[in-house]
Protein chains: 2
Amino acid sequence: PSALHGGRARDRQQVLTKPPGSLGDLERVAIELAALQGCDTPTLERVHISVFAGDHGVCEEGISAFPQAVTAQMIANFAGGGAAISVMARELGAELEVINLGTVGEVPELPGVLHQVIAPSTENLAQKDALTANQLQNALNAGDYASQRAADNRAQLFIGGDMGIGNTTSAAALACALLDHRPQDLVGPGTGLDARGVSHKARVVQTALDRHGDNRDPLAVLASLGGFEIAALAGATLGCAARGVPVLVDGFIVSVAALVATHIQPGVRDWLLFSHQSAEPGHQSVLKALDAQPLLNLGMRLGEGSGAAVAVPLLRTACALHNQMATFADAGVSDKPGA
Amino acid sequence: PSALHGGRARDRQQVLTKPPGSLGDLERVAIELAALQGCDTPTLERVHISVFAGDHGVCEEGISAFPQAVTAQMIANFAGGGAAISVMARELGAELEVINLGTVGEVPELPGVLHQVIAPSTENLAQKDALTANQLQNALNAGDYASQRAADNRAQLFIGGDMGIGNTTSAAALACALLDHRPQDLVGPGTGLDARGVSHKARVVQTALDRHGDNRDPLAVLASLGGFEIAALAGATLGCAARGVPVLVDGFIVSVAALVATHIQPGVRDWLLFSHQSAEPGHQSVLKALDAQPLLNLGMRLGEGSGAAVAVPLLRTACALHNQMATFADAGVSDKPGA
């Protein structure tokens with residue numbers, strides 16, 4: 001990020017025709033985007049959305065309200081334009097691509113879907129490492145390739161999304177291992193478990209953590225407790241930061257992937273904006289660990305990158321205000337005396 | 001509002017391809033808009049924004065960080081396209097009109113500005129009634145006319161905005177009188193008072209409340225402690241409800257006007273959606289009194305209808321998702337077992 005452009009943007013916000021600070025978070029994000037884009041007039045015309053999909057072996061422990069077949073079915077729904085993120089991408093005029101990293105259900109050839117299949121599913125993380133070292137590298141690479149495509153398209157913002165039945169179990173386990181939290185603090189209902197289901201899920205996560213032991217190396221943790229799509233999201237985050245593409249972070253799953261990325265390389269944090277606080281209870285602790293102030297709190301808990309997509313119009317509004325508002329001097333409006 | 005269409009929208013949200021409830025507040029507002037618009041596919045293409053401007057006699061008590069001349073200067077800035085609400089209206093493709101109800105500074109003829117001048121300013125509410133009965137009626141009428149223009153334009157949403165140096169003093173006094181709160185609970189910094197300024201402002205409001213006495217009739221309270229633009233906003237709210245135009249309520253000033261309107265006619269509440277929680281501290285109590293759950297909390301405190309305008313893209317996203325997402329049946333996606 002460019003401190004020069006950030007500083008100039010901060011100065012400009014002080015002389016626009018409004019009481020200083022009165023646009024709240026919209027001022028903050030305009031300043032952040034000016035610094036991230038290294039320009040005086042930040043814009044968000046080109047938004048790149050990559051949704052990573054993969055299945056989770058831990059589903060055999062009965063930790064999800066939805067059947068595992070849904071992962072593959074939803075890939076077809078993304079391609080068909082009927083999923084939430086499909087509708088949002090269309091409305092935003094954003095580029096949407098879906099990366100199939102491997103599902104138990106069969107996925108045919110579909111427009112807008114890239115097949116980079118690693119395996120039909122990860123292993124059951126309650127019993128053994130979810131990914132082999134080779135699978136982990138493939139997943140990280142799949143994310144890195146997406147960030148390269150975003151950079152090639154001159155994307156001004158990258159949004160990563162997730163699809164994978166069972167992935168809140170993996171994300172909770174990852175966050176527990178990296179942040180030294182207890183499962184009962186981070187495990188939640190996901191797509192809709194009842195209280196009994198949540199308790200069972202927390203026990204499964206505890207079993208996984210006991211198996212994993214106390215290795216805190218982020219790549220080791222990711223191989224042991226991760227998912228294909230979560231590892232790919234971490235890779236995409238690292239790749240975007242390396243290529244200077246700002247990342248708008250979605251909810252629980254994507255934030256955990258961002259957390260993993262910052263544990264691999266702390267400088268990544270500079271390239272992250274945070275869109276929303278999810279209703280999934282573990283998200284709050286992960287946001288806190290990332291020192292993140294998300295813009296929205298709408299009680300969303302869908303994944304797919306949907307919470308980030310909802311926030312894009314707010315970022316665009318912040319840019320438009322920053323670029324188009326008159327200054328006190330230009331408009332002949334009296335400034336605050338003594339300001 | 002149409003309970004029939006609200007019910008049908010609620011049913012549809014249950015069968016769209018997402019865990020039920022996972023779109024959070026976006027589901028709620030889609031259902032509310034379907035009921036308010038009385039249709040199965042709510043949309044927000046036509047948004048009407050009316051900004052009411054007027055000056056306040058109480059400024060002679062030294063209760064604002066900005067000079068009174070700013071009210072007239074900002075009318076010119078609205079017309080010139082350089083104010084926050086001007087930029088936002090342009091970005092939204094919304095109709096923006098400014099109604100000049102009377103300012104101390106001179107306002108020339110300007111495009112998009114309607115001159116319905118009542119007086120150069122209200123009286124000083126710390127010393128006497130701010131508006132005469134005749135002035136109050138003129139201000140209410142100015143708001144009603146705006147709601148008529150919105151209805152004539154087939155607006156699907158009405159946003160009222162305010163401009164008036166000193167108007168947080170009037171709004172705090174009105175809310176104290178109607179809700180039986182103490183000034184120190186509702187008075188805040190407005191455009192940027194320091195702690196000493198806020199204390200002084202609270203004493204001015206207490207003086208006004210002591211002068212006013214215990215008459216709780218909303219029209220009497222409005223004449224005694226109101227402002228031209230606040231009365232017009234109350235009139236617009238009543239007019240929109242009567243004409244079936246949904247109102248997206250902005251921050252502290254507009255919410256107080258909506259509170260006055262609901263005290264005049266409680267049924268008005270059915271036509272109100274709430275956009276954001278302002279950083280002005282008194283707003284929270286007013287929202288609570290209106291049983292309102294605003295969508296956003298961005299630390300904004302600008303007025304002009306700007307907080308409501310920021311929320312419009314969220315409402316449009318909610319409509320697009322409601323109208324365009326596939327159902328489980330259409331997409332061949334497995335529903336939650338036993339759901």
# chains A, B, ... in the order shown; residues from 1 in each chain; ligands from 1
$ residues_around --residues "Leu157 (chain A)" --least-positions-apart "3" --cutoff "8 Å" --atoms "only C-alpha atoms" --output "list in words"
Leu44, Arg46, Val47, His48, Val245, Pro246, Val247 and Leu248 of chain A
$ interface_residues --of "chain B" --to "chain A" --cutoff "6 Å" --atoms "only C-alpha atoms" --output "MDAnalysis selection string"
chainID B and resid 19 22:25 66 73 82:83 191 298:302 325:326 333 336
$ write_last_selection --atoms "all heavy atoms" --output "compact mmCIF listing (two decimals), in the first residue's frame"
# COMPACT_ATOMS: atom_id res chain seq x y z
N PRO B 19 -29.09 -22.08 3.06
CA PRO B 19 -29.69 -22.46 4.35
C PRO B 19 -30.70 -21.38 4.76
O PRO B 19 -30.41 -20.19 4.66
CB PRO B 19 -28.49 -22.48 5.30
CG PRO B 19 -27.30 -22.71 4.41
CD PRO B 19 -27.63 -22.01 3.12
N SER B 22 -29.95 -17.72 6.16
CA SER B 22 -28.52 -17.43 6.04
C SER B 22 -28.23 -16.10 5.34
O SER B 22 -27.10 -15.63 5.36
CB SER B 22 -27.79 -18.56 5.31
OG SER B 22 -28.29 -18.69 3.99
N LEU B 23 -29.25 -15.48 4.75
CA LEU B 23 -29.03 -14.13 4.20
C LEU B 23 -29.41 -13.04 5.21
O LEU B 23 -29.39 -11.85 4.89
CB LEU B 23 -29.79 -13.94 2.88
CG LEU B 23 -29.19 -14.66 1.67
CD1 LEU B 23 -30.11 -14.56 0.46
CD2 LEU B 23 -27.81 -14.08 1.32
N GLY B 24 -29.75 -13.45 6.42
CA GLY B 24 -29.93 -12.52 7.53
C GLY B 24 -30.91 -11.39 7.20
O GLY B 24 -32.02 -11.62 6.72
N ASP B 25 -30.48 -10.16 7.47
CA ASP B 25 -31.35 -9.00 7.29
C ASP B 25 -31.79 -8.81 5.84
O ASP B 25 -32.81 -8.16 5.58
CB ASP B 25 -30.62 -7.73 7.75
CG ASP B 25 -30.41 -7.71 9.26
OD1 ASP B 25 -31.13 -8.43 9.98
OD2 ASP B 25 -29.52 -6.96 9.71
N PHE B 66 -20.72 24.87 13.42
CA PHE B 66 -20.64 25.53 12.12
C PHE B 66 -21.49 26.80 12.11
O PHE B 66 -22.52 26.88 12.78
CB PHE B 66 -21.11 24.59 11.00
CG PHE B 66 -20.05 23.67 10.49
CD1 PHE B 66 -19.73 22.50 11.19
CD2 PHE B 66 -19.34 23.94 9.33
CE1 PHE B 66 -18.74 21.64 10.73
CE2 PHE B 66 -18.35 23.08 8.86
CZ PHE B 66 -18.04 21.93 9.56
N GLN B 73 -25.51 28.01 1.99
CA GLN B 73 -24.38 27.60 1.14
C GLN B 73 -24.52 26.15 0.70
O GLN B 73 -24.20 25.79 -0.44
CB GLN B 73 -23.06 27.80 1.89
CG GLN B 73 -22.70 29.26 2.12
CD GLN B 73 -21.61 29.43 3.18
OE1 GLN B 73 -21.24 28.48 3.87
NE2 GLN B 73 -21.10 30.65 3.31
N GLY B 82 -22.11 18.84 -5.59
CA GLY B 82 -20.90 18.56 -4.82
C GLY B 82 -21.11 18.05 -3.42
O GLY B 82 -20.15 17.69 -2.73
N ALA B 83 -22.36 18.01 -2.96
CA ALA B 83 -22.64 17.51 -1.60
C ALA B 83 -22.71 15.98 -1.62
O ALA B 83 -22.91 15.36 -2.67
CB ALA B 83 -23.95 18.08 -1.08
N THR B 191 -22.55 18.54 14.51
CA THR B 191 -21.50 18.64 13.49
C THR B 191 -20.10 18.66 14.08
O THR B 191 -19.12 18.68 13.33
CB THR B 191 -21.69 19.91 12.65
OG1 THR B 191 -21.85 21.02 13.53
CG2 THR B 191 -22.90 19.80 11.75
N LEU B 298 -22.38 2.55 10.48
CA LEU B 298 -21.10 2.93 9.87
C LEU B 298 -20.47 4.15 10.55
O LEU B 298 -19.51 4.70 10.04
CB LEU B 298 -21.30 3.22 8.37
CG LEU B 298 -21.79 2.05 7.51
CD1 LEU B 298 -22.14 2.53 6.11
CD2 LEU B 298 -20.74 0.94 7.45
N GLY B 299 -21.04 4.57 11.69
CA GLY B 299 -20.49 5.74 12.35
C GLY B 299 -20.74 7.03 11.59
O GLY B 299 -20.02 8.01 11.77
N MET B 300 -21.77 7.05 10.76
CA MET B 300 -22.09 8.27 10.00
C MET B 300 -22.90 9.24 10.85
O MET B 300 -23.65 8.84 11.73
CB MET B 300 -22.88 7.91 8.73
CG MET B 300 -22.08 7.11 7.71
SD MET B 300 -23.09 6.57 6.30
CE MET B 300 -23.40 8.14 5.49
N ARG B 301 -22.76 10.54 10.56
CA ARG B 301 -23.52 11.57 11.29
C ARG B 301 -23.57 12.83 10.45
O ARG B 301 -23.30 13.91 10.93
CB ARG B 301 -22.88 11.85 12.66
CG ARG B 301 -21.37 12.13 12.57
CD ARG B 301 -20.77 12.41 13.92
NE ARG B 301 -19.32 12.50 13.82
CZ ARG B 301 -18.64 13.58 13.41
NH1 ARG B 301 -19.27 14.69 13.08
NH2 ARG B 301 -17.32 13.57 13.33
N LEU B 302 -23.97 12.68 9.18
CA LEU B 302 -23.94 13.81 8.25
C LEU B 302 -25.30 14.42 8.01
O LEU B 302 -25.43 15.61 7.76
CB LEU B 302 -23.34 13.33 6.91
CG LEU B 302 -23.33 14.36 5.77
CD1 LEU B 302 -22.58 15.61 6.20
CD2 LEU B 302 -22.69 13.77 4.53
N MET B 325 -32.79 -15.65 -7.36
CA MET B 325 -32.17 -16.91 -6.91
C MET B 325 -33.05 -18.10 -7.30
O MET B 325 -34.27 -18.02 -7.35
CB MET B 325 -31.95 -16.91 -5.39
CG MET B 325 -30.66 -16.22 -4.96
SD MET B 325 -30.44 -16.28 -3.16
CE MET B 325 -29.98 -18.02 -2.94
N ALA B 326 -32.38 -19.23 -7.55
CA ALA B 326 -33.09 -20.47 -7.86
C ALA B 326 -33.62 -21.11 -6.58
O ALA B 326 -33.06 -20.92 -5.50
CB ALA B 326 -32.13 -21.44 -8.56
N VAL B 333 -31.01 -28.96 -6.14
CA VAL B 333 -30.13 -28.99 -4.98
C VAL B 333 -30.90 -29.63 -3.82
O VAL B 333 -32.06 -29.32 -3.59
CB VAL B 333 -29.65 -27.57 -4.61
CG1 VAL B 333 -28.87 -27.57 -3.30
CG2 VAL B 333 -28.81 -26.98 -5.73
N LYS B 336 -32.21 -29.44 3.14
CA LYS B 336 -31.84 -29.98 4.45
C LYS B 336 -32.78 -31.14 4.78
O LYS B 336 -33.99 -30.98 4.68
CB LYS B 336 -32.00 -28.84 5.45
CG LYS B 336 -31.47 -29.07 6.83
CD LYS B 336 -31.58 -27.73 7.59
CE LYS B 336 -31.59 -27.92 9.07
NZ LYS B 336 -31.76 -26.60 9.75
$ select_by_dssp --residues "region 35-86 of chain B" --states "helix (DSSP H, G or I)" --output "number ranges by chain"
B: 35-37, 57-61, 69-80, 84-86
$ write_last_selection --atoms "C-alpha atoms" --output "PDB file, in the first residue's frame"
ATOM      1  CA  ALA B  35     -45.356  -6.497   1.615  1.00  0.00           C
ATOM      2  CA  LEU B  36     -44.894  -2.713   1.268  1.00  0.00           C
ATOM      3  CA  GLN B  37     -44.978  -2.792  -2.534  1.00  0.00           C
ATOM      4  CA  GLY B  57     -33.319  30.652  15.633  1.00  0.00           C
ATOM      5  CA  VAL B  58     -31.705  28.691  18.453  1.00  0.00           C
ATOM      6  CA  CYS B  59     -28.343  29.173  16.723  1.00  0.00           C
ATOM      7  CA  GLU B  60     -28.100  32.494  18.597  1.00  0.00           C
ATOM      8  CA  GLU B  61     -27.462  30.386  21.721  1.00  0.00           C
ATOM      9  CA  ALA B  69     -24.542  30.693   6.759  1.00  0.00           C
ATOM     10  CA  VAL B  70     -23.731  27.078   5.914  1.00  0.00           C
ATOM     11  CA  THR B  71     -27.408  26.136   5.507  1.00  0.00           C
ATOM     12  CA  ALA B  72     -27.852  28.406   2.478  1.00  0.00           C
ATOM     13  CA  GLN B  73     -24.385  27.603   1.140  1.00  0.00           C
ATOM     14  CA  MET B  74     -25.147  23.900   1.280  1.00  0.00           C
ATOM     15  CA  ILE B  75     -28.363  24.371  -0.723  1.00  0.00           C
ATOM     16  CA  ALA B  76     -26.163  25.697  -3.515  1.00  0.00           C
ATOM     17  CA  ASN B  77     -23.804  22.762  -3.020  1.00  0.00           C
ATOM     18  CA  PHE B  78     -26.719  20.294  -3.291  1.00  0.00           C
ATOM     19  CA  ALA B  79     -27.772  21.952  -6.547  1.00  0.00           C
ATOM     20  CA  GLY B  80     -24.193  22.064  -7.841  1.00  0.00           C
ATOM     21  CA  ALA B  84     -22.605  13.913  -0.351  1.00  0.00           C
ATOM     22  CA  ILE B  85     -26.302  13.376  -1.113  1.00  0.00           C
ATOM     23  CA  SER B  86     -25.824  14.833  -4.612  1.00  0.00           C
TER      24      SER B  86
END
$ atom_distance --atom1 "CA of Ala139 (chain B)" --atom2 "CA of Thr237 (chain B)"
12.4 Å
$ select_by_dssp --residues "region 100-335 of chain A" --states "strand (DSSP E)" --output "ChimeraX atom specification"
/A:100,113-115,157-163,247-249,272-274
$ write_last_selection --atoms "all heavy atoms" --output "compact mmCIF listing (two decimals), in the first residue's frame"
# COMPACT_ATOMS: atom_id res chain seq x y z
N ASN A 100 -13.49 -25.89 -9.08
CA ASN A 100 -13.85 -27.19 -8.52
C ASN A 100 -12.58 -27.92 -8.12
O ASN A 100 -11.84 -28.38 -8.98
CB ASN A 100 -14.64 -27.98 -9.57
CG ASN A 100 -14.86 -29.43 -9.16
OD1 ASN A 100 -14.77 -29.76 -7.97
ND2 ASN A 100 -15.15 -30.27 -10.13
N VAL A 113 -16.81 -22.73 -14.82
CA VAL A 113 -16.25 -23.60 -13.78
C VAL A 113 -14.91 -24.15 -14.25
O VAL A 113 -14.82 -24.75 -15.33
CB VAL A 113 -17.21 -24.77 -13.46
CG1 VAL A 113 -16.59 -25.69 -12.39
CG2 VAL A 113 -18.55 -24.23 -12.98
N LEU A 114 -13.88 -23.92 -13.45
CA LEU A 114 -12.55 -24.47 -13.73
C LEU A 114 -12.39 -25.74 -12.92
O LEU A 114 -12.62 -25.75 -11.71
CB LEU A 114 -11.46 -23.46 -13.34
CG LEU A 114 -11.55 -22.09 -14.01
CD1 LEU A 114 -10.50 -21.15 -13.42
CD2 LEU A 114 -11.36 -22.23 -15.51
N HIS A 115 -11.98 -26.81 -13.58
CA HIS A 115 -11.80 -28.08 -12.88
C HIS A 115 -10.33 -28.27 -12.53
O HIS A 115 -9.50 -28.49 -13.42
CB HIS A 115 -12.33 -29.24 -13.73
CG HIS A 115 -13.79 -29.12 -13.99
ND1 HIS A 115 -14.74 -29.54 -13.07
CD2 HIS A 115 -14.48 -28.58 -15.02
CE1 HIS A 115 -15.95 -29.29 -13.55
NE2 HIS A 115 -15.82 -28.70 -14.73
N LEU A 157 -10.20 -5.34 -7.05
CA LEU A 157 -10.60 -5.96 -5.79
C LEU A 157 -10.80 -7.45 -6.04
O LEU A 157 -11.38 -7.84 -7.06
CB LEU A 157 -11.93 -5.35 -5.29
CG LEU A 157 -12.36 -5.70 -3.87
CD1 LEU A 157 -11.48 -4.96 -2.85
CD2 LEU A 157 -13.83 -5.34 -3.64
N PHE A 158 -10.31 -8.25 -5.11
CA PHE A 158 -10.49 -9.70 -5.19
C PHE A 158 -11.41 -10.15 -4.05
O PHE A 158 -11.22 -9.75 -2.90
CB PHE A 158 -9.15 -10.42 -5.07
CG PHE A 158 -9.25 -11.92 -5.09
CD1 PHE A 158 -9.24 -12.62 -6.28
CD2 PHE A 158 -9.38 -12.64 -3.90
CE1 PHE A 158 -9.34 -14.01 -6.30
CE2 PHE A 158 -9.49 -14.03 -3.91
CZ PHE A 158 -9.47 -14.72 -5.12
N ILE A 159 -12.39 -10.97 -4.39
CA ILE A 159 -13.24 -11.61 -3.38
C ILE A 159 -13.11 -13.11 -3.54
O ILE A 159 -13.32 -13.64 -4.64
CB ILE A 159 -14.72 -11.19 -3.55
CG1 ILE A 159 -14.90 -9.70 -3.22
CG2 ILE A 159 -15.63 -12.05 -2.68
CD1 ILE A 159 -16.31 -9.18 -3.51
N GLY A 160 -12.74 -13.78 -2.47
CA GLY A 160 -12.73 -15.24 -2.46
C GLY A 160 -13.99 -15.75 -1.79
O GLY A 160 -14.45 -15.17 -0.80
N GLY A 161 -14.54 -16.81 -2.34
CA GLY A 161 -15.73 -17.42 -1.74
C GLY A 161 -15.50 -18.91 -1.53
O GLY A 161 -14.58 -19.48 -2.12
N ASP A 162 -16.33 -19.52 -0.70
CA ASP A 162 -16.15 -20.93 -0.35
C ASP A 162 -17.44 -21.70 -0.56
O ASP A 162 -18.54 -21.18 -0.34
CB ASP A 162 -15.78 -21.07 1.12
CG ASP A 162 -16.93 -20.64 2.02
OD1 ASP A 162 -17.16 -19.41 2.15
OD2 ASP A 162 -17.65 -21.51 2.54
N MET A 163 -17.31 -22.95 -0.97
CA MET A 163 -18.44 -23.88 -0.96
C MET A 163 -17.88 -25.23 -0.58
O MET A 163 -16.96 -25.73 -1.25
CB MET A 163 -19.09 -23.94 -2.35
CG MET A 163 -20.25 -24.93 -2.43
SD MET A 163 -21.67 -24.36 -1.46
CE MET A 163 -22.13 -25.88 -0.59
N VAL A 247 -7.84 -7.38 -1.22
CA VAL A 247 -8.75 -8.49 -0.97
C VAL A 247 -9.86 -8.03 -0.03
O VAL A 247 -9.59 -7.47 1.04
CB VAL A 247 -8.00 -9.67 -0.31
CG1 VAL A 247 -8.96 -10.80 0.03
CG2 VAL A 247 -6.87 -10.17 -1.23
N LEU A 248 -11.11 -8.25 -0.44
CA LEU A 248 -12.24 -7.99 0.46
C LEU A 248 -12.65 -9.33 1.07
O LEU A 248 -13.15 -10.21 0.37
CB LEU A 248 -13.40 -7.35 -0.31
CG LEU A 248 -14.62 -6.96 0.53
CD1 LEU A 248 -14.26 -5.92 1.59
CD2 LEU A 248 -15.75 -6.44 -0.36
N VAL A 249 -12.40 -9.47 2.35
CA VAL A 249 -12.58 -10.75 3.04
C VAL A 249 -14.05 -10.96 3.40
O VAL A 249 -14.69 -10.07 3.95
CB VAL A 249 -11.69 -10.79 4.30
CG1 VAL A 249 -11.91 -12.09 5.07
CG2 VAL A 249 -10.23 -10.62 3.93
N LEU A 272 -5.76 -6.54 3.18
CA LEU A 272 -7.08 -7.07 3.49
C LEU A 272 -8.04 -5.98 3.94
O LEU A 272 -7.72 -5.16 4.81
CB LEU A 272 -6.98 -8.12 4.60
CG LEU A 272 -5.99 -9.27 4.40
CD1 LEU A 272 -6.08 -10.24 5.59
CD2 LEU A 272 -6.25 -9.99 3.09
N LEU A 273 -9.24 -5.97 3.35
CA LEU A 273 -10.38 -5.20 3.85
C LEU A 273 -11.40 -6.22 4.34
O LEU A 273 -11.47 -7.34 3.82
CB LEU A 273 -10.99 -4.37 2.73
CG LEU A 273 -10.10 -3.29 2.12
CD1 LEU A 273 -10.68 -2.84 0.78
CD2 LEU A 273 -9.97 -2.12 3.08
N PHE A 274 -12.22 -5.83 5.31
CA PHE A 274 -13.15 -6.79 5.90
C PHE A 274 -14.59 -6.33 5.66
O PHE A 274 -14.93 -5.19 5.94
CB PHE A 274 -12.85 -7.00 7.37
CG PHE A 274 -11.56 -7.74 7.57
CD1 PHE A 274 -10.34 -7.08 7.57
CD2 PHE A 274 -11.56 -9.12 7.66
CE1 PHE A 274 -9.15 -7.77 7.69
CE2 PHE A 274 -10.37 -9.83 7.78
CZ PHE A 274 -9.16 -9.15 7.79
$ residues_around --residues "region 201-205 of chain B" --least-positions-apart "4" --cutoff "7 Å" --atoms "only C-alpha atoms" --output "PyMOL selection string"
chain B and resi 63+126+169+173+183-184+187+197+209
$ closest_residue --among "A:Ala292, A:Ala171, A:Leu287, A:Leu238" --to "Pro266 (chain A)" --atoms "only C-alpha atoms"
A:Leu238
$ residues_around --residues "His56 (chain B)" --least-positions-apart "3" --cutoff "10 Å" --atoms "only C-alpha atoms" --output "VMD selection string"
chain B and resid 59 to 60 68 71 102 to 104 120 to 125 130 164 to 167 169 to 170 226 to 229
